[in-house]
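Colleague: Input start.tsv, format and content: TSV, C-alpha atoms.
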chain	number	residue	atom	x	y	z
A	222	MET	CA	115.24	284.36	70.15
A	223	LYS	CA	112.08	283.34	71.97
A	224	TRP	CA	112.39	279.80	70.61
A	225	LEU	CA	115.99	279.65	71.68
A	226	ALA	CA	114.94	280.52	75.23
A	227	VAL	CA	112.25	277.81	75.20
A	228	LEU	CA	114.78	275.32	73.84
A	229	GLY	CA	117.21	276.33	76.57
A	230	VAL	CA	114.62	275.71	79.27
A	231	VAL	CA	113.77	272.31	77.80
A	232	VAL	CA	117.44	271.31	77.59
A	233	VAL	CA	118.10	272.35	81.20
A	234	ALA	CA	114.97	270.53	82.34
A	235	LEU	CA	116.07	267.35	80.57
A	236	LEU	CA	119.64	267.54	81.86
A	237	THR	CA	118.53	267.95	85.46
A	238	TRP	CA	115.77	265.34	85.14
A	239	GLY	CA	115.20	263.76	88.52
A	240	PHE	CA	117.02	266.47	90.42
A	241	TRP	CA	113.83	268.44	91.06
A	242	TRP	CA	111.93	265.36	92.14
A	243	VAL	CA	110.46	265.81	95.61
A	244	GLU	CA	108.86	262.99	97.54
A	245	PRO	CA	105.09	263.48	97.30
A	246	ALA	CA	103.50	264.58	100.55
A	247	VAL	CA	101.84	261.86	102.58
A	248	LYS	CA	98.37	262.60	103.93
A	249	GLN	CA	97.44	260.42	106.88
A	250	PRO	CA	93.79	259.45	107.55
A	251	ILE	CA	94.00	260.86	111.10
A	252	GLU	CA	95.69	264.14	111.99
A	253	TYR	CA	97.63	262.49	114.75
A	254	PRO	CA	99.54	264.88	117.03
A	255	HIS	CA	102.75	263.24	118.26
A	256	LYS	CA	103.40	266.25	120.49
A	257	ILE	CA	100.41	265.71	122.78
A	258	HIS	CA	101.02	262.00	123.13
A	259	VAL	CA	104.77	262.03	123.58
A	260	GLU	CA	105.58	265.39	125.17
A	261	GLN	CA	102.49	266.08	127.25
A	262	LEU	CA	101.24	262.61	128.09
A	263	LYS	CA	104.78	261.21	128.30
A	264	LEU	CA	103.90	258.06	126.42
A	265	PRO	CA	106.91	256.12	125.13
A	266	CYS	CA	107.01	255.49	121.37
A	267	THR	CA	106.62	251.77	121.99
A	268	SER	CA	103.18	252.17	123.56
A	269	CYS	CA	101.76	252.66	120.07
A	270	HIS	CA	104.49	251.28	117.79
A	271	GLN	CA	104.37	248.01	119.64
A	272	ARG	CA	106.11	245.72	117.20
A	273	VAL	CA	109.32	247.73	117.40
A	274	GLU	CA	110.63	245.59	120.24
A	275	LYS	CA	109.42	242.32	118.80
A	276	GLU	CA	110.02	242.38	115.07
A	277	ALA	CA	112.03	243.86	112.27
A	278	VAL	CA	109.30	246.32	111.34
A	279	ALA	CA	108.02	248.88	113.85
A	280	GLY	CA	104.48	249.01	112.52
A	281	ARG	CA	101.72	251.53	113.02
A	282	PRO	CA	99.07	251.16	115.71
A	283	PRO	CA	95.90	249.14	115.11
A	284	THR	CA	92.51	250.79	115.66
A	285	ALA	CA	91.85	248.82	118.83
A	286	LEU	CA	94.95	250.29	120.43
A	287	CYS	CA	93.79	253.87	119.82
A	288	LEU	CA	90.33	252.99	121.08
A	289	ALA	CA	91.76	251.57	124.27
A	290	CYS	CA	92.09	255.20	125.39
A	291	HIS	CA	89.79	257.03	122.99
A	292	SER	CA	86.59	254.96	123.17
A	293	GLY	CA	84.92	256.35	126.28
A	294	GLY	CA	83.25	259.69	126.98
A	295	GLU	CA	82.10	262.65	124.93
A	296	THR	CA	84.44	264.16	122.43
A	297	GLU	CA	84.51	267.31	120.34
A	298	SER	CA	87.49	266.24	118.31
A	299	ASN	CA	86.80	265.29	114.70
A	300	GLU	CA	89.87	263.09	114.65
A	301	VAL	CA	88.71	261.00	117.60
A	302	LYS	CA	85.30	260.68	115.95
A	303	LYS	CA	87.06	259.38	112.84
A	304	ILE	CA	88.89	256.76	114.92
A	305	ARG	CA	85.61	255.66	116.49
A	306	ALA	CA	84.03	255.45	113.02
A	307	PHE	CA	86.83	253.13	111.93
A	308	GLY	CA	86.30	251.14	115.10
A	309	GLU	CA	82.56	250.80	114.59
A	310	LYS	CA	83.06	249.57	111.03
A	311	GLY	CA	85.65	247.15	112.33
A	312	GLN	CA	88.30	248.63	110.03
A	313	GLU	CA	91.95	249.26	110.57
A	314	ILE	CA	93.07	252.86	110.20
A	315	PRO	CA	94.74	253.02	106.77
A	316	TRP	CA	97.95	254.61	108.00
A	317	LYS	CA	100.33	255.41	105.20
A	318	ARG	CA	103.98	254.63	105.30
A	319	VAL	CA	106.29	257.64	105.49
A	320	TRP	CA	109.73	256.21	106.25
A	321	ARG	CA	111.01	253.79	103.65
A	322	LEU	CA	114.35	252.10	103.36
A	323	PRO	CA	115.41	250.70	99.99
A	324	PRO	CA	114.28	247.07	99.64
A	325	HIS	CA	117.86	245.81	99.54
A	326	VAL	CA	118.48	246.90	103.13
A	327	PHE	CA	117.87	244.61	106.08
A	328	PHE	CA	117.11	246.84	109.04
A	329	PRO	CA	115.72	245.07	112.12
A	330	HIS	CA	114.16	247.54	114.54
A	331	ARG	CA	114.39	245.03	117.38
A	332	THR	CA	118.18	244.82	117.27
A	333	HIS	CA	118.58	248.58	117.19
A	334	VAL	CA	116.03	249.37	119.89
A	335	VAL	CA	116.29	246.41	122.26
A	336	VAL	CA	119.92	245.38	121.96
A	337	ALA	CA	121.67	248.59	120.93
A	338	LYS	CA	119.24	250.77	122.92
A	339	LEU	CA	119.15	253.54	120.34
A	340	ASN	CA	116.65	256.36	120.64
A	341	CYS	CA	114.02	256.42	117.93
A	342	GLN	CA	114.96	260.05	117.28
A	343	THR	CA	118.43	259.01	116.12
A	344	CYS	CA	116.96	258.01	112.79
A	345	HIS	CA	113.44	259.43	112.84
A	346	GLY	CA	114.22	262.98	113.99
A	347	ALA	CA	112.31	265.04	116.54
A	348	MET	CA	108.92	263.40	116.09
A	349	GLU	CA	107.77	264.53	119.54
A	350	THR	CA	107.60	268.14	118.39
A	351	LEU	CA	105.04	267.53	115.64
A	352	ASP	CA	101.47	268.76	116.01
A	353	ARG	CA	100.35	266.93	112.92
A	354	PRO	CA	101.61	263.86	111.03
A	355	PRO	CA	104.74	264.46	108.98
A	356	ALA	CA	104.16	264.74	105.25
A	357	ARG	CA	107.68	263.49	104.59
A	358	ALA	CA	110.41	261.76	106.53
A	359	LEU	CA	112.09	264.27	108.84
A	360	LYS	CA	115.50	262.90	108.00
A	361	THR	CA	116.74	261.53	104.72
A	362	LEU	CA	118.94	258.62	105.64
A	363	THR	CA	121.81	257.47	103.50
A	364	MET	CA	124.22	254.59	103.93
A	365	ASN	CA	126.69	257.03	105.48
A	366	ASP	CA	124.31	257.42	108.42
A	367	CYS	CA	124.33	253.65	108.98
A	368	ILE	CA	128.09	253.31	108.57
A	369	GLY	CA	128.78	256.37	110.72
A	370	CYS	CA	127.18	254.60	113.69
A	371	HIS	CA	128.36	251.10	112.93
A	372	GLU	CA	132.00	252.13	112.71
A	373	GLN	CA	132.18	253.66	116.17
A	374	TRP	CA	129.47	251.80	118.04
A	375	GLU	CA	130.27	250.40	121.46
A	376	GLY	CA	128.03	247.83	123.07
A	377	PRO	CA	125.78	248.80	125.99
A	378	LYS	CA	127.54	248.26	129.30
A	379	GLU	CA	125.70	245.15	130.37
A	380	LYS	CA	127.10	242.67	132.77
A	381	GLY	CA	129.35	240.78	130.44
A	382	THR	CA	127.93	237.53	129.28
A	383	GLY	CA	129.56	235.93	126.30
A	384	VAL	CA	126.60	236.60	124.06
A	385	VAL	CA	126.75	240.34	124.62
A	386	LYS	CA	130.34	240.25	123.44
A	387	VAL	CA	129.09	238.39	120.40
A	388	ALA	CA	126.55	241.16	119.92
A	389	ALA	CA	129.29	243.76	119.90
A	390	ARG	CA	131.18	241.78	117.32
A	391	ARG	CA	128.11	241.67	115.16
A	392	VAL	CA	127.88	245.43	114.85
A	393	SER	CA	129.70	244.99	111.65
A	394	THR	CA	130.45	247.10	108.65
A	395	ASP	CA	130.41	244.00	106.52
A	396	CYS	CA	128.25	244.64	103.44
A	397	ASN	CA	126.49	241.31	103.75
A	398	ALA	CA	125.36	242.06	107.31
A	399	CYS	CA	122.73	244.52	106.02
A	400	HIS	CA	122.51	244.21	102.24
A	401	ARG	CA	120.22	241.54	100.93
B	198	MET	CA	132.63	232.56	113.01
B	199	ALA	CA	130.81	229.86	111.33
B	200	LEU	CA	131.84	228.42	108.00
B	201	TRP	CA	128.59	227.63	106.25
B	202	GLY	CA	128.66	224.73	103.86
B	203	MET	CA	126.50	222.27	102.06
B	204	VAL	CA	126.78	218.59	101.30
B	205	ILE	CA	124.83	217.19	98.36
B	206	ASP	CA	124.44	213.42	98.27
B	207	LEU	CA	124.18	212.47	94.59
B	208	ASP	CA	123.04	209.00	95.57
B	209	ARG	CA	119.93	210.48	97.10
B	210	CYS	CA	119.18	213.08	94.42
B	211	THR	CA	116.27	212.03	92.23
B	212	GLY	CA	116.43	215.07	89.96
B	213	CYS	CA	112.97	216.19	91.03
B	214	GLN	CA	113.88	219.91	90.78
B	215	ALA	CA	112.17	220.77	94.06
B	216	CYS	CA	115.32	222.64	95.10
B	217	VAL	CA	115.26	224.64	91.87
B	218	MET	CA	111.67	225.75	92.37
B	219	ALA	CA	112.12	226.41	96.08
B	220	CYS	CA	115.10	228.60	95.26
B	221	LYS	CA	113.23	230.56	92.61
B	222	ALA	CA	110.30	231.20	94.91
B	223	GLU	CA	112.46	232.09	97.89
B	224	ASN	CA	114.82	234.44	96.11
B	225	ASN	CA	112.43	236.17	93.68
B	226	VAL	CA	114.37	234.74	90.77
B	227	PRO	CA	112.66	236.12	87.66
B	228	ALA	CA	111.30	234.18	84.74
B	229	VAL	CA	113.05	235.85	81.82
B	230	GLY	CA	110.58	234.86	79.10
B	231	ALA	CA	110.89	232.69	76.01
B	232	LYS	CA	112.83	235.16	73.86
B	233	GLU	CA	115.47	235.70	76.48
B	234	ALA	CA	115.64	231.99	77.28
B	235	VAL	CA	116.50	231.25	73.65
B	236	ARG	CA	119.42	233.64	74.01
B	237	GLY	CA	120.69	231.64	76.98
B	238	ARG	CA	119.74	234.17	79.61
B	239	ILE	CA	117.71	231.94	81.92
B	240	ILE	CA	118.40	232.77	85.55
B	241	SER	CA	118.45	229.79	87.88
B	242	TRP	CA	120.55	230.13	91.02
B	243	MET	CA	120.11	226.44	91.66
B	244	GLN	CA	120.33	224.24	88.62
B	245	VAL	CA	120.11	220.47	88.28
B	246	LEU	CA	122.73	219.52	85.72
B	247	THR	CA	122.05	216.26	83.92
B	248	GLU	CA	124.40	213.82	82.31
B	249	GLU	CA	123.86	210.64	80.36
B	250	ASP	CA	125.36	207.71	82.20
B	251	GLU	CA	128.18	206.41	80.01
B	252	GLU	CA	127.69	202.81	81.13
B	253	HIS	CA	123.96	202.81	80.49
B	254	PRO	CA	123.29	205.22	77.60
B	255	GLY	CA	119.64	206.03	77.09
B	256	GLU	CA	118.66	204.36	80.33
B	257	VAL	CA	120.22	206.13	83.25
B	258	LYS	CA	120.49	209.89	83.78
B	259	ARG	CA	122.75	211.32	86.41
B	260	PHE	CA	121.84	214.48	88.27
B	261	LEU	CA	124.00	217.10	89.87
B	262	PRO	CA	122.30	220.01	91.66
B	263	ARG	CA	124.52	223.06	91.33
B	264	PRO	CA	124.02	226.16	93.49
B	265	CYS	CA	126.79	228.74	93.83
B	266	LEU	CA	129.55	226.62	95.29
B	267	GLN	CA	130.57	229.40	97.72
B	268	CYS	CA	134.28	228.84	97.08
B	269	ASP	CA	136.55	229.53	100.00
B	270	ASP	CA	139.05	230.92	97.50
B	271	PRO	CA	136.63	232.38	94.96
B	272	PRO	CA	137.92	233.35	91.52
B	273	CYS	CA	134.98	235.70	90.95
B	274	THR	CA	135.73	238.05	93.83
B	275	LYS	CA	139.29	238.63	92.69
B	276	VAL	CA	138.23	240.21	89.42
B	277	CYS	CA	135.46	242.43	90.77
B	278	PRO	CA	136.66	246.02	90.32
B	279	VAL	CA	134.16	247.51	92.79
B	280	TYR	CA	134.10	245.02	95.70
B	281	ALA	CA	130.51	244.11	94.86
B	282	THR	CA	131.27	240.44	95.27
B	283	TYR	CA	133.50	239.25	98.08
B	284	ARG	CA	133.85	236.47	100.63
B	285	ASP	CA	132.16	237.56	103.85
B	286	PRO	CA	133.45	236.58	107.33
B	287	ASP	CA	131.06	233.62	107.46
B	288	GLY	CA	132.47	232.25	104.23
B	289	ILE	CA	129.48	233.16	102.09
B	290	VAL	CA	130.35	234.74	98.77
B	291	ALA	CA	128.30	237.91	98.86
B	292	GLN	CA	126.78	239.75	95.96
B	293	ILE	CA	125.99	243.40	96.70
B	294	TYR	CA	123.63	244.54	93.97
B	295	ALA	CA	123.81	248.21	94.88
B	296	ARG	CA	127.58	248.21	94.21
B	297	CYS	CA	127.56	246.07	91.08
B	298	ILE	CA	128.35	247.98	87.89
B	299	GLY	CA	127.47	245.08	85.62
B	300	CYS	CA	130.89	244.51	84.06
B	301	ARG	CA	130.37	240.73	84.24
B	302	PHE	CA	134.04	239.98	84.94
B	303	CYS	CA	132.92	237.71	87.77
B	304	MET	CA	130.72	235.73	85.42
B	305	ALA	CA	133.67	235.14	83.16
B	306	ALA	CA	135.84	234.16	86.12
B	307	CYS	CA	133.41	231.67	87.65
B	308	PRO	CA	134.33	228.18	86.46
B	309	TYR	CA	130.93	226.83	87.48
B	310	ASN	CA	128.71	229.27	85.54
B	311	ALA	CA	126.90	230.04	88.77
B	312	LYS	CA	126.46	233.75	88.11
B	313	TYR	CA	123.71	235.37	86.10
B	314	PHE	CA	123.24	238.77	84.55
B	315	ASN	CA	120.08	240.87	84.48
B	316	TRP	CA	120.00	242.03	80.88
B	317	TYR	CA	116.70	243.78	81.47
B	318	ARG	CA	114.57	244.67	84.42
B	319	TYR	CA	112.90	241.30	84.45
B	320	GLN	CA	110.41	242.05	87.21
B	321	LYS	CA	109.06	244.80	89.40
B	322	GLU	CA	108.22	244.63	93.03
B	323	ALA	CA	104.84	242.97	93.33
B	324	PRO	CA	102.73	241.22	95.92
B	325	GLY	CA	103.61	237.57	96.30
B	326	GLN	CA	107.35	238.09	96.23
B	327	ASN	CA	109.51	237.33	99.20
B	328	PRO	CA	109.94	240.69	100.97
B	329	ASP	CA	113.20	239.50	102.55
B	330	VAL	CA	114.99	239.44	99.20
B	331	SER	CA	115.35	242.53	97.06
B	332	VAL	CA	114.32	242.46	93.42
B	333	ARG	CA	117.40	242.93	91.32
B	334	PRO	CA	117.53	245.92	89.00
B	335	LYS	CA	118.69	245.86	85.39
B	336	GLY	CA	122.40	245.51	84.78
B	337	VAL	CA	123.61	243.65	87.86
B	338	VAL	CA	124.95	240.16	88.39
B	339	GLU	CA	123.15	237.83	90.76
B	340	LYS	CA	123.74	234.36	92.13
B	341	CYS	CA	122.90	231.97	94.94
B	342	THR	CA	123.66	233.54	98.31
B	343	PHE	CA	123.05	230.46	100.47
B	344	CYS	CA	119.72	232.21	101.30
B	345	HIS	CA	121.80	234.63	103.28
B	346	HIS	CA	118.73	236.71	104.21
B	347	ARG	CA	117.70	233.76	106.35
B	348	LEU	CA	120.99	234.02	108.22
B	349	GLN	CA	120.38	237.73	108.77
B	350	LYS	CA	116.99	236.96	110.29
B	351	ALA	CA	118.25	234.06	112.38
B	352	ARG	CA	121.09	236.23	113.71
B	353	GLU	CA	118.70	239.02	114.52
B	354	ARG	CA	116.42	236.64	116.42
B	355	ALA	CA	119.31	235.06	118.30
B	356	LEU	CA	120.75	238.42	119.23
B	357	ALA	CA	117.44	239.69	120.61
B	358	GLU	CA	117.16	236.53	122.69
B	359	ARG	CA	120.78	236.85	123.86
B	360	ARG	CA	122.07	233.60	122.43
B	361	GLU	CA	124.05	232.17	119.54
B	362	VAL	CA	122.43	231.03	116.29
B	363	ALA	CA	121.40	227.43	116.96
B	364	PRO	CA	122.35	224.70	114.47
B	365	GLY	CA	119.42	224.11	112.14
B	366	GLU	CA	118.06	227.59	112.67
B	367	TYR	CA	119.56	228.75	109.40
B	368	VAL	CA	118.89	226.49	106.42
B	369	PRO	CA	118.63	227.59	102.78
B	370	ALA	CA	115.40	227.02	100.88
B	371	CYS	CA	116.82	224.25	98.65
B	372	ALA	CA	117.98	222.14	101.58
B	373	GLU	CA	114.66	222.66	103.29
B	374	ALA	CA	112.70	221.64	100.19
B	375	CYS	CA	114.68	218.53	99.20
B	376	PRO	CA	112.28	215.61	99.72
B	377	ALA	CA	115.07	213.04	99.51
B	378	ARG	CA	117.23	214.86	102.06
B	379	ALA	CA	120.01	214.93	99.51
B	380	ILE	CA	121.00	218.48	100.47
B	381	ILE	CA	122.40	218.88	103.96
B	382	PHE	CA	123.39	222.26	105.28
B	383	GLY	CA	125.38	223.31	108.29
B	384	ASP	CA	128.53	224.71	109.82
B	385	LEU	CA	131.68	223.15	108.37
B	386	SER	CA	133.76	224.47	111.26
B	387	ASP	CA	131.62	222.74	113.91
B	388	PRO	CA	132.94	219.19	114.51
B	389	GLY	CA	129.54	218.11	115.81
B	390	SER	CA	127.64	218.99	112.66
B	391	GLU	CA	126.45	216.54	110.05
B	392	VAL	CA	128.11	218.42	107.21
B	393	PHE	CA	131.46	218.26	109.04
B	394	ARG	CA	131.16	214.48	109.22
B	395	LEU	CA	129.90	214.02	105.66
B	396	ALA	CA	132.53	216.35	104.19
B	397	ARG	CA	135.15	213.90	105.47
B	398	SER	CA	133.40	210.88	103.99
B	399	PRO	CA	135.44	208.84	101.48
B	400	ARG	CA	132.66	209.56	98.98
B	401	ALA	CA	133.16	213.32	99.23
B	402	PHE	CA	134.46	215.29	96.26
B	403	ARG	CA	134.37	218.89	95.13
B	404	LEU	CA	133.56	220.16	91.65
B	405	LEU	CA	136.66	221.01	89.63
B	406	GLU	CA	138.76	220.53	92.73
B	407	GLN	CA	141.97	220.88	90.75
B	408	LEU	CA	141.30	224.60	90.23
B	409	GLY	CA	141.95	225.25	93.91
B	410	THR	CA	138.73	227.18	94.45
B	411	LYS	CA	137.94	225.16	97.59
B	412	PRO	CA	134.16	225.02	97.18
B	413	LYS	CA	132.08	224.80	100.33
B	414	VAL	CA	129.47	222.78	98.48
B	415	ILE	CA	130.68	219.22	98.74
B	416	TYR	CA	129.26	216.34	96.73
B	417	LEU	CA	129.03	212.69	97.71
B	418	THR	CA	129.56	210.38	94.74
B	419	GLU	CA	127.04	207.82	93.69
B	420	GLY	CA	127.87	204.65	95.52
B	421	GLU	CA	127.89	200.99	94.59
B	422	GLY	CA	124.18	200.87	93.97
B	423	ARG	CA	124.35	203.04	90.87
B	424	GLY	CA	122.95	201.54	87.70
Starting from the file, lay out its structure as structure tokens.
Modeller:
Amino acid sequence: MKWLAVLGVVVVALLTWGFWWVEPAVKQPIEYPHKIHVEQLKLPCTSCHQRVEKEAVAGRPPTALCLACHSGGETESNEVKKIRAFGEKGQEIPWKRVWRLPPHVFFPHRTHVVVAKLNCQTCHGAMETLDRPPARALKTLTMNDCIGCHEQWEGPKEKGTGVVKVAARRVSTDCNACHR
Amino acid sequence: MALWGMVIDLDRCTGCQACVMACKAENNVPAVGAKEAVRGRIISWMQVLTEEDEEHPGEVKRFLPRPCLQCDDPPCTKVCPVYATYRDPDGIVAQIYARCIGCRFCMAACPYNAKYFNWYRYQKEAPGQNPDVSVRPKGVVEKCTFCHHRLQKARERALAERREVAPGEYVPACAEACPARAIIFGDLSDPGSEVFRLARSPRAFRLLEQLGTKPKVIYLTEGEGRG
């Protein structure tokens, strides 16, 4: 009877293989509080994630950018000391990637942020409420999330040049527009 | 909407295979290994077909670079049961790996043998690959996409700068690599483009034209100078 129970557990475990898989928690090198920077200091996301308006990938801030504010004066914070240590050694902070799209998806941040003027929170969730770095992505995105927007998207009301109309046309649900 | 097309001048082609290698590097086309190659499973989106010249046997070889011909009336898309391959609004025959179920109907339908099947997972993601092209998993069909990821990037750039994609901004890797300028790429619907002019040349022909597939890869025959 006991063996039967063990066998049962093994069979169930095998049948549901993969179902119990949870993304491993990401531990960032600096306990960065988004809340202080975004909610209290009113910094826009782009002040640190600078490539978001220039490239396909948003990127994480280089050490020099943190030190632009955090280099001067006395500090009691261990985290700021860590940043300065990275700075003194001339190293980049080894930020770890949390949000990942499958490699077969072409997602340019620039188009979505600059042209479509989407809020970062639309995909990334309420990052401004976090006291410490997220261990996992706040939202699990699926293709339905992409299509849901693309099907009903209307272009920003800019003074109508021809190219903006072209932009609206390019918000397409064509597979080849995003798959690669 | 543009109608992307390619003109390949067989008079200029020297059979150097630069296009083949450029394609493999650009699109993360895997090397399948010797065992698989013996079984006829080599993947080569761009292939230089060779033929012995009938007038000069043993002396002259003829070359014909063959990418996916991006038919305007593609036979492969009609047999796909899951809409994984279809003709996109720009005329490029798309291959959506995430949808493909690996039935290989499209491979059987393609009269040009331009489609390839991943019998195994031939490679993993690794440094040195092109990050703009996804590595294909096991069990899906792949083929030349006219380096369509380059169009995605060019479009993205143009859109951010509030303009149209400029001619010459989007060129596939093979056309870029060809040292003899035998491969010319452009918009077949734009009367000012070089491909538009060359496609109407008296030397122009299409592969297996009689099948009615209307390929958008157009060849120029070898001229008088041959042999």
Colleague: Calculated over only C-alpha atoms, which of the candidates A:Phe327, A:Tyr253, A:Trp242, A:Trp316 has the smallest distance to B:Arg352?
Modeller: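 Comparing A:Phe327, A:Tyr253, A:Trp242, A:Trp316 against B:Arg352, the winner is A:Phe327.
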Colleague: Scan for residues within 9 Å of the point (113.5, 236.6, 86.7) in the coordinates of the file, using only C-alpha atoms, and reply as a ChimeraX atom specification.
Modeller: /B:221,225-230,239-241,315,318-320,332-333
Colleague: Neighbours of B:His346 within 12 Å (only C-alpha atoms; same-chain residues fewer than 2 positions away dropped), as a PyMOL selection string?
Modeller: (chain A and resi 325-329+397-401) or (chain B and resi 223-224+289+291-292+327-331+341-344+348-353+367-370)
Colleague: Out of A:Gln249, A:Thr332, A:Ser298, A:Gln271, which residue has the shortest atom-to-atom distance to A:Val319 when counting only C-alpha atoms?
Modeller: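 Ranking A:Gln249, A:Thr332, A:Ser298, A:Gln271 by distance to A:Val319, first place goes to A:Gln249.
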Colleague: From the set A:Pro245, A:Pro324, A:Pro315, A:Gly294, which residue has the shortest atom-to-atom contact distance to A:Pro355, counting all atoms listed in the file?
Modeller: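 Answer, going by the shortest atom-to-atom distance: A:Pro245.
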Colleague: Write out as a PyMOL selection string which residues come within 12 Å of A:Gln312 when counting only C-alpha atoms, dropping same-chain ones fewer than 3 positions away.
Modeller: chain A and resi 283-285+303-309+315-316
Colleague: Expressed in Å to a single decimal, how great is the separation between atom CA of B:Ala306 and atom CA of B:Val338?
Modeller: 12.6 Å
Colleague: Select, from B:Tyr313, B:Gly212, B:Ala374, B:Pro271, the residue with the minimum atom-to-atom distance to B:Val257, counting only C-alpha atoms.
Modeller: B:Gly212
Colleague: If I put a ball of radius 12 Å at (134.3, 227.0, 84.0) in the file's coordinates, which residues poke into it when counting all atoms listed in the file, written as a VMD selection string?
Modeller: chain B and resid 272 to 273 303 to 312 404 to 408 410
Colleague: Hey, can you check how far atom CA of A:Ala358 sits from atom CA of A:Lys317?
Modeller: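 Taking atom CA of A:Ala358 and atom CA of A:Lys317, their separation equals 12.0 Å.
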Colleague: Would you list the contacts of A:His333 as an mmCIF file with C-alpha atoms, keeping the file's coordinate frame, taking every protein, DNA or RNA residue within 10 Å and counting only C-alpha atoms, but skipping same-chain residues closer than 6 positions in sequence?
Modeller:
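Saved to around06.cif:
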data_model
loop_
_atom_site.group_PDB
_atom_site.id
_atom_site.type_symbol
_atom_site.label_atom_id
_atom_site.label_comp_id
_atom_site.auth_asym_id
_atom_site.auth_seq_id
_atom_site.Cartn_x
_atom_site.Cartn_y
_atom_site.Cartn_z
ATOM 1 C CA VAL A 273 109.320 247.730 117.400
ATOM 2 C CA GLU A 274 110.630 245.590 120.240
ATOM 3 C CA ALA A 277 112.030 243.860 112.270
ATOM 4 C CA LEU A 339 119.150 253.540 120.340
ATOM 5 C CA ASN A 340 116.650 256.360 120.640
ATOM 6 C CA CYS A 341 114.020 256.420 117.930
ATOM 7 C CA GLU B 353 118.700 239.020 114.520
ATOM 8 C CA ALA B 357 117.440 239.690 120.610
#
Colleague: Calculate how many Å separate atom CA of B:Glu251 from atom CA of B:Met203, rounding to one decimal.
Modeller: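 Value for the atom CA of B:Glu251-atom CA of B:Met203 distance: 27.2 Å.
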Colleague: Need the shell around A:Lys256: protein/DNA/RNA residues with any atom at most 8 Å away, counting only C-alpha atoms. Skip same-chain ones fewer than 6 positions apart. Format as number ranges by chain?
Modeller: A: 348-352
